[in-house]
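The file upload19.cif contains mmCIF, C-alpha atoms and all ligand atoms:
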```
data_work
loop_
_atom_site.label_atom_id
_atom_site.label_comp_id
_atom_site.auth_asym_id
_atom_site.auth_seq_id
_atom_site.Cartn_x
_atom_site.Cartn_y
_atom_site.Cartn_z
CA MET A 217 -67.20 -40.86 -10.19
CA ASP A 218 -69.66 -37.96 -10.37
CA LYS A 219 -68.89 -34.49 -11.53
CA ASN A 220 -68.41 -33.11 -7.97
CA SER A 221 -65.91 -35.66 -6.73
CA SER A 222 -63.78 -35.21 -9.88
CA LYS A 223 -63.75 -31.49 -8.98
CA VAL A 224 -62.44 -32.40 -5.50
CA PHE A 225 -59.68 -34.47 -7.08
CA PHE A 226 -58.89 -31.60 -9.35
CA TYR A 227 -58.51 -29.16 -6.41
CA LYS A 228 -56.50 -31.67 -4.37
CA GLY A 229 -54.19 -31.98 -7.36
CA LEU A 230 -53.84 -28.20 -7.52
CA ARG A 231 -53.10 -28.04 -3.80
CA LYS A 232 -50.35 -30.63 -4.32
CA ILE A 233 -48.81 -28.63 -7.11
CA GLN A 234 -49.06 -25.52 -4.95
CA ASN A 235 -47.36 -27.27 -2.03
CA SER A 236 -44.56 -28.58 -4.16
CA LEU A 237 -44.13 -25.08 -5.62
CA TYR A 238 -43.77 -23.70 -2.07
CA PHE A 239 -41.30 -26.42 -1.36
CA PHE A 240 -39.41 -25.60 -4.52
CA PHE A 241 -39.19 -21.88 -3.61
CA PHE A 242 -38.15 -22.80 -0.11
CA ILE A 243 -35.22 -24.81 -1.47
CA ILE A 244 -34.23 -21.99 -3.83
CA ALA A 245 -34.34 -19.49 -0.94
CA LEU A 246 -32.20 -21.82 1.13
CA LEU A 247 -29.66 -22.12 -1.67
CA VAL A 248 -29.52 -18.36 -2.23
CA PHE A 249 -29.16 -17.74 1.49
CA SER A 250 -26.40 -20.27 1.97
CA TYR A 251 -24.60 -18.88 -1.07
CA LEU A 252 -24.71 -15.34 0.34
CA ALA A 253 -23.72 -16.53 3.79
CA ARG A 254 -20.82 -18.47 2.32
CA ASP A 255 -19.69 -15.32 0.51
CA ASN A 256 -19.64 -13.23 3.71
CA PHE A 257 -17.93 -15.99 5.52
CA SER A 258 -15.13 -16.28 2.99
CA GLU A 259 -14.60 -12.52 3.15
CA GLU A 260 -14.11 -12.60 6.91
CA GLU A 261 -11.97 -15.68 6.71
CA ALA A 262 -9.78 -14.42 3.85
CA ASP A 263 -6.61 -16.43 3.72
CA TYR A 264 -3.52 -14.60 4.96
CA SER A 265 -1.49 -17.72 5.67
CA ILE A 266 1.09 -16.74 3.02
CA TYR A 267 2.35 -14.12 5.53
CA SER A 268 3.10 -16.66 8.23
CA MET A 269 5.43 -18.79 6.14
CA SER A 270 9.13 -18.56 6.93
CA TYR A 271 10.91 -15.56 5.43
CA ASP A 272 13.92 -15.67 7.73
CA THR A 273 17.00 -15.52 5.49
CA ASN A 274 19.04 -17.24 8.23
CA ILE A 275 17.57 -20.55 7.13
CA LEU A 276 19.45 -20.24 3.83
CA PRO A 277 22.76 -22.00 3.20
CA ASP A 278 25.90 -20.06 2.29
CA SER A 279 25.65 -21.20 -1.33
CA PRO A 280 26.10 -18.55 -4.04
CA ARG A 281 22.31 -18.20 -4.33
CA GLY A 282 21.80 -18.19 -0.54
CA LEU A 283 24.44 -15.49 -0.15
CA GLU A 284 22.90 -13.36 -2.89
CA ILE A 285 19.47 -13.50 -1.22
CA LYS A 286 21.00 -12.62 2.16
CA TYR A 287 22.80 -9.66 0.57
CA GLY A 288 19.51 -8.51 -0.98
CA TYR A 289 17.84 -8.75 2.41
CA ARG A 290 20.58 -6.62 4.04
CA LEU A 291 20.28 -4.02 1.29
CA PHE A 292 16.55 -3.96 1.97
CA ILE A 293 16.82 -3.28 5.68
CA GLU A 294 20.05 -1.21 5.76
CA THR A 295 19.58 0.63 2.48
CA SER A 296 20.89 4.06 3.41
CA GLN A 297 23.82 2.67 5.40
CA MET A 298 24.92 0.45 2.51
CA LEU A 299 24.05 2.62 -0.50
CA GLY A 300 23.91 6.12 0.97
CA VAL A 301 26.37 8.94 1.44
CA LYS A 302 28.31 7.08 4.09
CA SER A 303 29.38 4.21 1.86
CA LYS A 304 29.83 5.79 -1.56
CA GLU A 305 31.25 8.86 -3.22
CA ASN A 306 28.41 8.58 -5.63
CA PRO A 307 25.50 7.35 -3.51
CA TYR A 308 22.32 5.74 -4.76
CA VAL A 309 20.36 6.78 -1.71
CA GLY A 310 19.92 10.45 -0.84
CA ASN A 311 18.13 10.17 2.50
CA ALA A 312 18.25 8.18 5.73
CA LEU A 313 15.47 5.68 4.93
CA SER A 314 15.57 1.99 4.19
CA CYS A 315 13.12 -0.01 2.06
CA ASN A 316 12.05 -1.72 5.25
CA ASN A 317 10.75 1.57 6.72
CA CYS A 318 7.68 1.43 4.46
CA HIS A 319 7.66 -2.22 3.31
CA LEU A 320 7.41 -3.42 6.89
CA ASN A 321 8.95 -6.57 8.31
CA ALA A 322 11.32 -6.75 5.37
CA GLY A 323 8.40 -6.73 2.92
CA THR A 324 6.40 -9.51 4.57
CA GLN A 325 3.54 -7.67 6.32
CA ALA A 326 0.02 -7.69 4.88
CA PHE A 327 -1.21 -4.24 3.77
CA ALA A 328 2.19 -2.70 4.50
CA ILE A 329 3.01 -2.79 0.74
CA PRO A 330 4.36 -6.36 1.05
CA LEU A 331 6.68 -7.68 -1.63
CA ILE A 332 5.70 -11.34 -1.32
CA GLY A 333 4.63 -12.32 -4.82
CA VAL A 334 5.58 -8.97 -6.39
CA ASN A 335 7.82 -10.82 -8.85
CA LYS A 336 4.67 -12.48 -10.24
CA ARG A 337 2.92 -9.13 -10.78
CA PHE A 338 5.58 -7.64 -13.04
CA PRO A 339 6.09 -6.62 -15.85
CA GLN A 340 3.09 -4.37 -15.34
CA TYR A 341 1.51 -1.32 -16.96
CA ARG A 342 2.39 1.85 -15.02
CA GLY A 343 0.45 5.08 -15.42
CA ARG A 344 3.27 7.23 -14.05
CA GLU A 345 5.40 6.39 -17.08
CA ASN A 346 2.54 5.27 -19.38
CA LYS A 347 4.32 2.08 -20.36
CA THR A 348 4.75 -1.51 -19.28
CA GLY A 349 7.54 -1.52 -16.73
CA SER A 350 9.74 -4.23 -15.27
CA LEU A 351 10.23 -4.98 -11.59
CA GLU A 352 13.73 -3.42 -11.89
CA GLU A 353 12.12 -0.18 -13.07
CA ARG A 354 9.58 -0.29 -10.23
CA ILE A 355 12.38 -0.74 -7.68
CA ASN A 356 14.21 2.19 -9.24
CA GLY A 357 11.01 4.25 -8.89
CA CYS A 358 11.38 3.85 -5.12
CA PHE A 359 15.12 4.62 -5.35
CA GLU A 360 14.44 7.91 -7.15
CA ARG A 361 11.53 9.01 -5.00
CA SER A 362 11.07 7.20 -1.69
CA MET A 363 14.86 7.03 -1.24
CA ASN A 364 15.44 10.46 -2.85
CA GLY A 365 18.30 8.87 -4.80
CA LYS A 366 19.01 7.57 -8.25
CA ASN A 367 18.63 4.45 -10.35
CA LEU A 368 20.63 1.31 -9.75
CA LYS A 369 22.05 -0.21 -12.94
CA GLU A 370 19.76 -3.06 -14.00
CA ASN A 371 22.63 -5.57 -14.04
CA SER A 372 24.40 -4.29 -10.91
CA LYS A 373 25.00 -6.76 -8.12
CA GLU A 374 22.76 -4.68 -5.83
CA MET A 375 19.79 -4.84 -8.20
CA LYS A 376 20.31 -8.55 -8.81
CA ALA A 377 20.43 -9.18 -5.07
CA LEU A 378 17.22 -7.21 -4.42
CA LEU A 379 15.49 -9.22 -7.15
CA ALA A 380 16.87 -12.48 -5.75
CA TYR A 381 15.43 -11.56 -2.36
CA MET A 382 12.00 -10.74 -3.85
CA ASN A 383 11.97 -13.91 -5.95
CA TRP A 384 12.70 -15.87 -2.81
CA LEU A 385 9.91 -14.06 -0.90
CA GLY A 386 7.55 -15.13 -3.69
CA ARG A 387 8.53 -18.78 -3.62
CA TYR A 388 5.16 -19.96 -2.23
CA VAL A 389 3.08 -17.84 -4.59
CA LYS A 390 1.81 -19.52 -7.74
CA GLU A 391 2.07 -17.90 -11.18
CA ASP A 392 -0.91 -15.51 -11.62
CA GLU A 393 -2.11 -16.12 -8.05
CA ILE A 394 -3.79 -13.07 -6.54
CA ILE A 395 -2.76 -12.95 -2.90
CA ASN A 396 -4.65 -11.16 -0.15
CA GLY A 397 -3.08 -8.22 1.65
CA LYS A 398 -1.10 -6.72 -1.20
CA GLY A 399 -0.52 -2.95 -1.39
CA LEU A 400 -2.45 -0.92 1.14
CA LEU A 401 -5.93 -1.29 2.61
CA LYS A 402 -8.49 1.36 1.61
CA ILE A 403 -9.96 3.75 4.12
CA ASN A 404 -13.26 5.63 3.95
CA TYR A 405 -11.84 9.10 3.76
CA PRO A 406 -14.19 11.78 5.10
CA ASP A 407 -16.05 14.09 2.73
CA ARG A 408 -14.18 17.20 3.84
CA ALA A 409 -10.74 18.78 3.54
CA VAL A 410 -7.93 17.67 5.86
CA ASN A 411 -8.08 19.45 9.21
CA LEU A 412 -4.45 20.42 9.83
CA ILE A 413 -5.08 21.47 13.42
CA ASN A 414 -6.55 18.07 14.20
CA GLY A 415 -3.67 16.50 12.23
CA LYS A 416 -1.13 18.18 14.49
CA GLN A 417 -3.02 17.02 17.57
CA VAL A 418 -3.03 13.42 16.35
CA PHE A 419 0.69 13.77 15.58
CA ASP A 420 1.47 15.07 19.08
CA LYS A 421 -0.58 12.35 20.71
CA HIS A 422 0.38 9.29 18.64
CA CYS A 423 3.59 9.93 16.68
CA VAL A 424 5.94 12.31 18.53
CA GLU A 425 7.07 9.61 20.93
CA CYS A 426 9.05 7.92 18.13
CA HIS A 427 9.23 10.32 15.19
CA GLY A 428 10.02 13.37 17.37
CA GLU A 429 8.42 16.83 17.80
CA ASP A 430 10.17 17.96 14.62
CA GLY A 431 9.36 14.77 12.68
CA GLN A 432 13.07 13.99 12.31
CA GLY A 433 12.90 10.60 13.99
CA GLU A 434 15.54 9.28 16.33
CA LYS A 435 19.13 8.71 15.28
CA ILE A 436 21.53 6.03 16.39
CA ASP A 437 24.33 7.68 14.41
CA ASN A 438 24.38 10.06 11.44
CA TYR A 439 23.22 7.40 8.99
CA THR A 440 21.25 4.99 11.10
CA PHE A 441 17.83 5.74 12.50
CA MET A 442 16.02 3.96 15.28
CA TYR A 443 12.86 5.77 14.10
CA PRO A 444 12.83 7.19 10.57
CA PRO A 445 12.25 10.87 9.73
CA LEU A 446 8.83 11.80 8.32
CA TRP A 447 9.92 14.98 6.56
CA GLY A 448 13.00 17.15 5.98
CA SER A 449 16.14 16.40 3.96
CA ASN A 450 16.46 12.83 5.29
CA SER A 451 12.97 11.75 4.24
CA TYR A 452 11.18 10.76 1.00
CA ASN A 453 10.94 13.41 -1.72
CA ASN A 454 7.83 15.14 -3.05
CA GLY A 455 7.51 12.71 -5.98
CA ALA A 456 7.13 9.64 -3.72
CA GLY A 457 3.88 7.69 -3.41
CA MET A 458 3.86 8.44 0.32
CA THR A 459 3.39 12.18 -0.42
CA ARG A 460 -0.15 11.45 -1.62
CA VAL A 461 -2.36 12.12 1.38
CA LEU A 462 -4.65 9.14 0.62
CA THR A 463 -1.73 6.73 0.19
CA ALA A 464 -0.12 7.95 3.43
CA ALA A 465 -3.47 7.75 5.27
CA MET A 466 -3.93 4.10 4.20
CA PHE A 467 -0.38 3.27 5.28
CA ILE A 468 -0.70 5.07 8.61
CA LYS A 469 -4.15 3.75 9.56
CA TYR A 470 -3.18 0.09 9.23
CA ASN A 471 0.52 0.25 10.23
CA MET A 472 1.14 3.07 12.71
CA PRO A 473 1.92 3.57 15.59
CA GLN A 474 4.55 0.84 15.25
CA GLY A 475 3.11 -2.58 16.01
CA THR A 476 -0.27 -1.83 14.44
CA THR A 477 -1.53 -4.36 11.90
CA PHE A 478 -4.51 -4.12 9.55
CA ASP A 479 -6.70 -6.18 11.89
CA ASN A 480 -6.15 -3.96 14.95
CA PRO A 481 -5.97 -0.33 13.79
CA VAL A 482 -5.41 2.31 16.47
CA LEU A 483 -6.39 5.45 14.57
CA THR A 484 -9.76 6.17 12.96
CA ASP A 485 -10.08 6.95 9.25
CA GLU A 486 -10.45 10.65 10.11
CA GLU A 487 -7.37 10.73 12.34
CA SER A 488 -5.27 8.93 9.71
CA TYR A 489 -6.45 11.33 7.02
CA ASP A 490 -5.70 14.44 9.09
CA VAL A 491 -2.28 13.31 10.32
CA ALA A 492 -1.29 12.19 6.79
CA GLY A 493 -2.23 15.68 5.56
CA TYR A 494 -0.21 17.25 8.35
CA ILE A 495 3.05 15.36 7.70
CA ASN A 496 2.80 15.86 3.93
CA GLN A 497 2.44 19.65 4.29
CA GLN A 498 5.96 19.83 5.80
CA LEU A 499 9.09 20.51 3.76
CA ARG A 500 10.86 17.62 2.07
CA PRO A 501 13.38 17.13 -0.78
CA ALA A 502 12.10 18.22 -4.21
CA LYS A 503 12.30 15.97 -7.25
CA LEU A 504 12.95 17.59 -10.62
CA ASN A 505 10.83 17.13 -13.71
CA LEU A 506 7.68 15.99 -11.92
CA GLU A 507 5.44 17.50 -14.58
CA ALA A 508 6.51 14.63 -16.86
CA ASP A 509 4.79 12.06 -14.61
CA PHE A 510 1.54 10.52 -15.83
CA PRO A 511 1.65 11.60 -19.48
CA ILE A 512 -1.98 10.47 -19.71
CA ARG A 513 -3.17 13.01 -17.16
CA GLU A 514 -6.47 11.41 -16.24
CA LYS A 515 -4.55 8.41 -14.89
CA LYS A 516 -2.85 10.52 -12.23
CA PRO A 517 -3.94 9.54 -8.70
CA MET A 518 -6.22 12.28 -7.38
CA SER A 519 -4.12 13.12 -4.31
CA THR A 520 -0.91 13.59 -6.31
CA PRO A 521 0.35 16.83 -4.73
CA TYR A 522 1.90 18.33 -7.88
CA PRO A 523 0.31 19.56 -11.15
CA PRO A 524 -0.58 19.39 -14.01
CA TYR A 525 -4.01 17.77 -13.65
CA ALA A 526 -6.71 16.72 -16.10
CA ASP A 527 -9.26 18.78 -14.14
CA SER A 528 -9.63 22.31 -12.81
CA PHE A 529 -9.61 21.59 -9.07
CA SER A 530 -6.90 23.58 -7.27
CA GLN A 531 -3.54 22.11 -6.30
CA THR A 532 -4.52 22.69 -2.66
CA GLN A 533 -7.62 20.56 -3.12
CA HIS A 534 -5.50 17.78 -4.65
CA GLN A 535 -3.25 17.94 -1.57
CA LEU A 536 -5.84 18.33 1.15
CA GLY A 537 -9.25 17.42 -0.27
CA PRO A 538 -12.17 17.30 -0.16
CA PHE A 539 -11.72 14.35 -2.53
CA LYS A 540 -15.32 13.26 -3.14
CA PRO A 541 -15.87 15.98 -5.80
CA ILE A 542 -12.63 14.96 -7.56
CA PHE A 543 -13.64 11.30 -7.34
CA GLU A 544 -17.05 12.12 -8.88
CA TYR A 545 -15.44 14.16 -11.64
CA TYR A 546 -13.24 11.26 -12.85
CA LYS A 547 -16.04 8.77 -12.46
CA LYS A 548 -18.41 10.87 -14.54
CA ASN A 549 -15.99 12.07 -17.23
CA TYR A 550 -13.58 9.14 -17.56
CA ASN A 551 -15.38 6.29 -15.78
CA ILE A 552 -12.30 5.89 -13.54
CA GLU A 553 -12.81 5.18 -9.83
CA LYS A 554 -9.81 6.58 -8.00
CA ASN A 555 -8.93 5.58 -4.47
CA LYS A 556 -5.66 7.38 -3.93
C1 LIG B 1 8.74 6.21 2.00
C2 LIG B 1 8.18 4.90 1.83
C3 LIG B 1 8.87 3.90 0.89
C4 LIG B 1 10.17 3.49 0.88
C5 LIG B 1 11.28 3.95 1.80
C6 LIG B 1 10.29 2.52 -0.19
N1 LIG B 1 9.07 2.34 -0.79
FE1 LIG B 1 8.66 0.98 -2.27
N2 LIG B 1 6.72 1.67 -2.31
C7 LIG B 1 6.20 2.66 -1.53
C8 LIG B 1 4.85 2.95 -1.93
C9 LIG B 1 3.93 4.00 -1.29
C10 LIG B 1 4.55 2.08 -3.01
C11 LIG B 1 3.28 2.01 -3.84
C12 LIG B 1 2.10 1.57 -3.08
C13 LIG B 1 0.83 1.90 -3.83
O1 LIG B 1 0.54 3.08 -4.04
O2 LIG B 1 0.12 0.94 -4.18
C14 LIG B 1 5.76 1.27 -3.20
C15 LIG B 1 5.87 0.25 -4.15
C16 LIG B 1 6.98 -0.56 -4.30
C17 LIG B 1 7.02 -1.74 -5.16
C18 LIG B 1 5.85 -2.28 -5.97
C19 LIG B 1 4.94 -3.04 -5.04
C20 LIG B 1 3.71 -3.65 -5.66
O3 LIG B 1 2.98 -4.34 -4.93
O4 LIG B 1 3.45 -3.45 -6.84
C21 LIG B 1 8.29 -2.26 -5.06
C22 LIG B 1 8.83 -3.49 -5.76
C23 LIG B 1 9.03 -1.41 -4.13
N3 LIG B 1 8.19 -0.39 -3.69
C24 LIG B 1 10.35 -1.61 -3.76
C25 LIG B 1 11.06 -0.78 -2.89
C26 LIG B 1 12.47 -0.95 -2.58
C27 LIG B 1 13.37 -2.03 -3.14
C28 LIG B 1 12.79 0.05 -1.71
C29 LIG B 1 14.15 0.39 -1.14
C30 LIG B 1 15.20 0.65 -2.11
C31 LIG B 1 11.57 0.82 -1.45
N4 LIG B 1 10.56 0.29 -2.19
C32 LIG B 1 11.48 1.88 -0.55
C33 LIG B 1 6.84 3.30 -0.48
C34 LIG B 1 8.19 3.16 -0.17
C1 LIG B 2 6.46 3.21 18.71
C2 LIG B 2 7.16 3.99 17.72
C3 LIG B 2 6.36 4.63 16.59
C4 LIG B 2 5.23 5.39 16.68
C5 LIG B 2 4.48 5.81 17.94
C6 LIG B 2 4.89 5.78 15.33
N1 LIG B 2 5.79 5.27 14.46
FE1 LIG B 2 5.82 5.57 12.42
N2 LIG B 2 7.39 4.34 12.27
C7 LIG B 2 8.05 3.71 13.31
C8 LIG B 2 9.08 2.85 12.78
C9 LIG B 2 10.05 2.00 13.60
C10 LIG B 2 9.00 2.95 11.39
C11 LIG B 2 9.83 2.18 10.37
C12 LIG B 2 9.29 0.80 10.25
C13 LIG B 2 10.36 -0.22 10.41
O1 LIG B 2 11.52 0.05 10.10
O2 LIG B 2 9.99 -1.33 10.88
C14 LIG B 2 7.95 3.91 11.09
C15 LIG B 2 7.61 4.31 9.81
C16 LIG B 2 6.69 5.31 9.50
C17 LIG B 2 6.45 5.85 8.18
C18 LIG B 2 7.15 5.43 6.88
C19 LIG B 2 8.61 5.81 6.87
C20 LIG B 2 8.89 7.29 6.92
O3 LIG B 2 9.85 7.68 7.60
O4 LIG B 2 8.16 8.07 6.29
C21 LIG B 2 5.48 6.79 8.31
C22 LIG B 2 4.87 7.65 7.23
C23 LIG B 2 5.09 6.82 9.71
N3 LIG B 2 5.87 5.92 10.41
C24 LIG B 2 4.14 7.65 10.25
C25 LIG B 2 3.74 7.60 11.58
C26 LIG B 2 2.63 8.38 12.10
C27 LIG B 2 1.80 9.38 11.30
C28 LIG B 2 2.53 8.07 13.42
C29 LIG B 2 1.50 8.55 14.40
C30 LIG B 2 0.11 8.27 14.05
C31 LIG B 2 3.57 7.10 13.73
N4 LIG B 2 4.28 6.84 12.58
C32 LIG B 2 3.79 6.57 14.99
C33 LIG B 2 7.79 3.88 14.65
C34 LIG B 2 6.70 4.56 15.17
#
```
When written as structure tokens, how does the structure in this file appear?
Amino acid sequence: MDKNSSKVFFYKGLRKIQNSLYFFFFIIALLVFSYLARDNFSEEEADYSIYSMSYDTNILPDSPRGLEIKYGYRLFIETSQMLGVKSKENPYVGNALSCNNCHLNAGTQAFAIPLIGVNKRFPQYRGRENKTGSLEERINGCFERSMNGKNLKENSKEMKALLAYMNWLGRYVKEDEIINGKGLLKINYPDRAVNLINGKQVFDKHCVECHGEDGQGEKIDNYTFMYPPLWGSNSYNNGAGMTRVLTAAMFIKYNMPQGTTFDNPVLTDEESYDVAGYINQQLRPAKLNLEADFPIREKKPMSTPYPPYADSFSQTQHQLGPFKPIFEYYKKNYNIEKNK
């Protein structure tokens, strides 16, 4: 072999290496691409099958446990009738709502604050009280605020029945399993204050039909509502989670008008935001001692409508936005990303 032909071999060898390098990169690119594609795919195809299991309490036998779960279920959907002013001299519920009015389909609807699996998420740290709280305490939080009432005794038969119902709802959820569809689904709130005029227009167009011109809903009798009131003495008080405009907007966008589910919203983000602002500017029962909430102030959700705050934005801005500046403030100063 002369000098020249060995050079040719040398270059051919290089070309081979080059080709196999191309091939190598091609395979890597393919792997990266299929990984990314798989990721998008799994996001679209998130598993919500837990919500289509059977949660009909009628399937339960009339055993002591079956009866307790059925009683818990009734308390959940007829809360004010069973625990309100009608039934007791000393009622636990101070308005005309039932748990079911916000935890839709008896607590089994995705992104309507479902209670399937909630028993596995508690005890849990709670910023409002700055301590680790039990599920009983969380339920009582809704009694005191959403129901404008007072605490059930932790060992009362009502509390035990509500827990039995929630434990039963969670029977398909594994310990520590994170299920899709819990809580509420985030919206992209606009970078502006709530427009109350637009909020009223959305209300007139999409809500009046059921909740009434005056927001008082539609009664069947004095204690039973076909459509629940959105404000006034029969609604949730000003310490409830639903009084935060961003919480209400997330609930409304993916659950209202009635029949809406998270995968077929009717309202836009802007409409939900404006109408949530509108209903939460109306009068409702006042809870005492709200300044004691969130002892670690920076943990307070940014649309909490009552002071004190760990910032110097006005109370009006906390109620009606714009929220982007408040979001940026907590991100910069506390590295907390708030979404409600
Ligand atoms: C006016 C609406 C409303 C009513 C009525 C209501 N709740 Fe709630 N509930 C909420 C909101 C809002 C949250 C918190 C959602 C959030 O901000 O993530 C919540 C949270 C909860 C949680 C914790 C859920 C979780 O995923 O961590 C439980 C348990 C609960 N409520 C039980 C009840 C029970 C029991 C009743 C009836 C006695 C009731 N609620 C009535 C609005 C309501
Ligand atoms: C077709 C009737 C209907 C329409 C229209 C409707 N809702 Fe509702 N809404 C309901 C019912 C029924 C519930 C209680 C859910 C349940 O018990 O299943 C409810 C519950 C609520 C709740 C939580 C409970 C409460 O009383 O605070 C809010 C907030 C709410 N609706 C806001 C709205 C807003 C805002 C609109 C308009 C964008 C609207 N709804 C349109 C029927 C309706």
Taking all atoms listed in the file into account, list the residues no farther than 7 Å from ligand LIG 1 (chain B), as a PDB file with C-alpha atoms, keeping the file's coordinate frame.
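Written out: pocket-v1.pdb:
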```
ATOM      1  CA  PHE A 292      16.550  -3.960   1.970  1.00  0.00           C
ATOM      2  CA  THR A 295      19.580   0.630   2.480  1.00  0.00           C
ATOM      3  CA  LEU A 313      15.470   5.680   4.930  1.00  0.00           C
ATOM      4  CA  SER A 314      15.570   1.990   4.190  1.00  0.00           C
ATOM      5  CA  CYS A 315      13.120  -0.010   2.060  1.00  0.00           C
ATOM      6  CA  ASN A 316      12.050  -1.720   5.250  1.00  0.00           C
ATOM      7  CA  ASN A 317      10.750   1.570   6.720  1.00  0.00           C
ATOM      8  CA  CYS A 318       7.680   1.430   4.460  1.00  0.00           C
ATOM      9  CA  HIS A 319       7.660  -2.220   3.310  1.00  0.00           C
ATOM     10  CA  ILE A 329       3.010  -2.790   0.740  1.00  0.00           C
ATOM     11  CA  PRO A 330       4.360  -6.360   1.050  1.00  0.00           C
ATOM     12  CA  LEU A 331       6.680  -7.680  -1.630  1.00  0.00           C
ATOM     13  CA  VAL A 334       5.580  -8.970  -6.390  1.00  0.00           C
ATOM     14  CA  ARG A 337       2.920  -9.130 -10.780  1.00  0.00           C
ATOM     15  CA  LEU A 351      10.230  -4.980 -11.590  1.00  0.00           C
ATOM     16  CA  ARG A 354       9.580  -0.290 -10.230  1.00  0.00           C
ATOM     17  CA  ILE A 355      12.380  -0.740  -7.680  1.00  0.00           C
ATOM     18  CA  CYS A 358      11.380   3.850  -5.120  1.00  0.00           C
ATOM     19  CA  PHE A 359      15.120   4.620  -5.350  1.00  0.00           C
ATOM     20  CA  SER A 362      11.070   7.200  -1.690  1.00  0.00           C
ATOM     21  CA  MET A 363      14.860   7.030  -1.240  1.00  0.00           C
ATOM     22  CA  LEU A 378      17.220  -7.210  -4.420  1.00  0.00           C
ATOM     23  CA  LYS A 398      -1.100  -6.720  -1.200  1.00  0.00           C
ATOM     24  CA  GLY A 399      -0.520  -2.950  -1.390  1.00  0.00           C
ATOM     25  CA  LEU A 400      -2.450  -0.920   1.140  1.00  0.00           C
ATOM     26  CA  TYR A 452      11.180  10.760   1.000  1.00  0.00           C
ATOM     27  CA  ALA A 456       7.130   9.640  -3.720  1.00  0.00           C
ATOM     28  CA  GLY A 457       3.880   7.690  -3.410  1.00  0.00           C
ATOM     29  CA  MET A 458       3.860   8.440   0.320  1.00  0.00           C
ATOM     30  CA  THR A 463      -1.730   6.730   0.190  1.00  0.00           C
TER      31      THR A 463
END
```
(request) Tell me which of A:Tyr494, A:Tyr545, A:Phe510, A:Tyr267 sits closest to ligand LIG 2 (chain B), counting all atoms listed in the file. (result) A:Tyr494
(request) Would you mind reading off the distance between atom O1 of ligand LIG 2 (chain B) and CA of Gln474 in chain A, one decimal, in Å? (result)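 Separation between atom O1 of ligand LIG 2 (chain B) and CA of Gln474 in chain A: 8.7 Å.
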(request) Skip Pro444 in chain A itself and residues of its chain fewer than 5 positions away, then list as JSON, numbers by chain all residues within 10 Å of it, counting all atoms listed in the file. (result) {"A": [312, 313, 314, 317, 318, 426, 427, 428, 431, 432, 433, 434, 435, 450, 451]}
Centre and edge lengths, as JSON, for the axis-aligned box enclosing every listed atom of ligand LIG 2 (chain B) with 5 Å of padding on each of the six sides, in Å to one decimal?
```
{"center_x": 5.8, "center_y": 4.0, "center_z": 12.5, "size_x": 21.4, "size_y": 20.7, "size_z": 22.4}
```
(request) Could you check which of A:Lys347, A:Lys402, A:Arg281, A:Lys469 is closest to Ala380 in chain A, using all atoms listed in the file? (result)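 The shortest atom-to-atom distance to Ala380 in chain A comes from A:Arg281.
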(message) Could you tell me how far atom O1 of ligand LIG 2 (chain B) sits from CA of Met472 in chain A, in Å to one decimal place?
(response)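 Interatomic distance here is 11.1 Å.
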(message) Between A:Asn311, A:Ser528, A:Gln533, A:Ser519, which residue has the minimum interatomic distance to ligand LIG 2 (chain B), considering only C-alpha atoms and all ligand atoms?
(response) A:Asn311
(message) Can you measure CA of Arg460 in chain A to CA of Gln535 in chain A for me? One decimal in Å is fine.
(response) 7.2 Å
(message) With only C-alpha atoms as the counted atoms, please give the residues lying no more than 7 Å from Ala377 in chain A, apart from itself and same-chain residues fewer than 6 positions off, as a PyMOL selection string.
(response) chain A and resi 284-285+287-288
(request) Measuring atom to atom with all atoms listed in the file, identify which of A:Tyr308, A:Phe467, A:Tyr550, A:Phe249 is nearest to Asn367 in chain A. (result)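 Comparing A:Tyr308, A:Phe467, A:Tyr550, A:Phe249 against Asn367 in chain A, the winner is A:Tyr308.
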(message) Let me make sure I understand: among A:Glu370, A:Ile403, A:Arg344, A:Glu487, which one has the smallest atom-to-atom distance to Thr520 in chain A if we use all atoms listed in the file?
(response)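 The shortest atom-to-atom distance to Thr520 in chain A comes from A:Arg344.
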(message) Here is a test: counting all atoms listed in the file, which residue of A:Met298, A:Ile468, A:Leu291, A:Ile332 is nearest to ligand LIG 2 (chain B)?
(response)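 Distance minimum relative to ligand LIG 2 (chain B) lands on A:Ile468.
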Which residues come within 8 Å of range 406-418 of chain A, counting only C-alpha atoms, excluding same-chain residues fewer than 4 positions away, as a PDB file with C-alpha atoms, in the coordinates of the input?
```pdb
ATOM      1  CA  HIS A 422       0.380   9.290  18.640  1.00  0.00           C
ATOM      2  CA  CYS A 423       3.590   9.930  16.680  1.00  0.00           C
ATOM      3  CA  ASP A 485     -10.080   6.950   9.250  1.00  0.00           C
ATOM      4  CA  GLU A 486     -10.450  10.650  10.110  1.00  0.00           C
ATOM      5  CA  GLU A 487      -7.370  10.730  12.340  1.00  0.00           C
ATOM      6  CA  TYR A 489      -6.450  11.330   7.020  1.00  0.00           C
ATOM      7  CA  ASP A 490      -5.700  14.440   9.090  1.00  0.00           C
ATOM      8  CA  VAL A 491      -2.280  13.310  10.320  1.00  0.00           C
ATOM      9  CA  ALA A 492      -1.290  12.190   6.790  1.00  0.00           C
ATOM     10  CA  GLY A 493      -2.230  15.680   5.560  1.00  0.00           C
ATOM     11  CA  TYR A 494      -0.210  17.250   8.350  1.00  0.00           C
ATOM     12  CA  GLN A 533      -7.620  20.560  -3.120  1.00  0.00           C
ATOM     13  CA  LEU A 536      -5.840  18.330   1.150  1.00  0.00           C
ATOM     14  CA  GLY A 537      -9.250  17.420  -0.270  1.00  0.00           C
ATOM     15  CA  PRO A 538     -12.170  17.300  -0.160  1.00  0.00           C
ATOM     16  CA  PHE A 539     -11.720  14.350  -2.530  1.00  0.00           C
ATOM     17  CA  LYS A 540     -15.320  13.260  -3.140  1.00  0.00           C
TER      18      LYS A 540
END
```
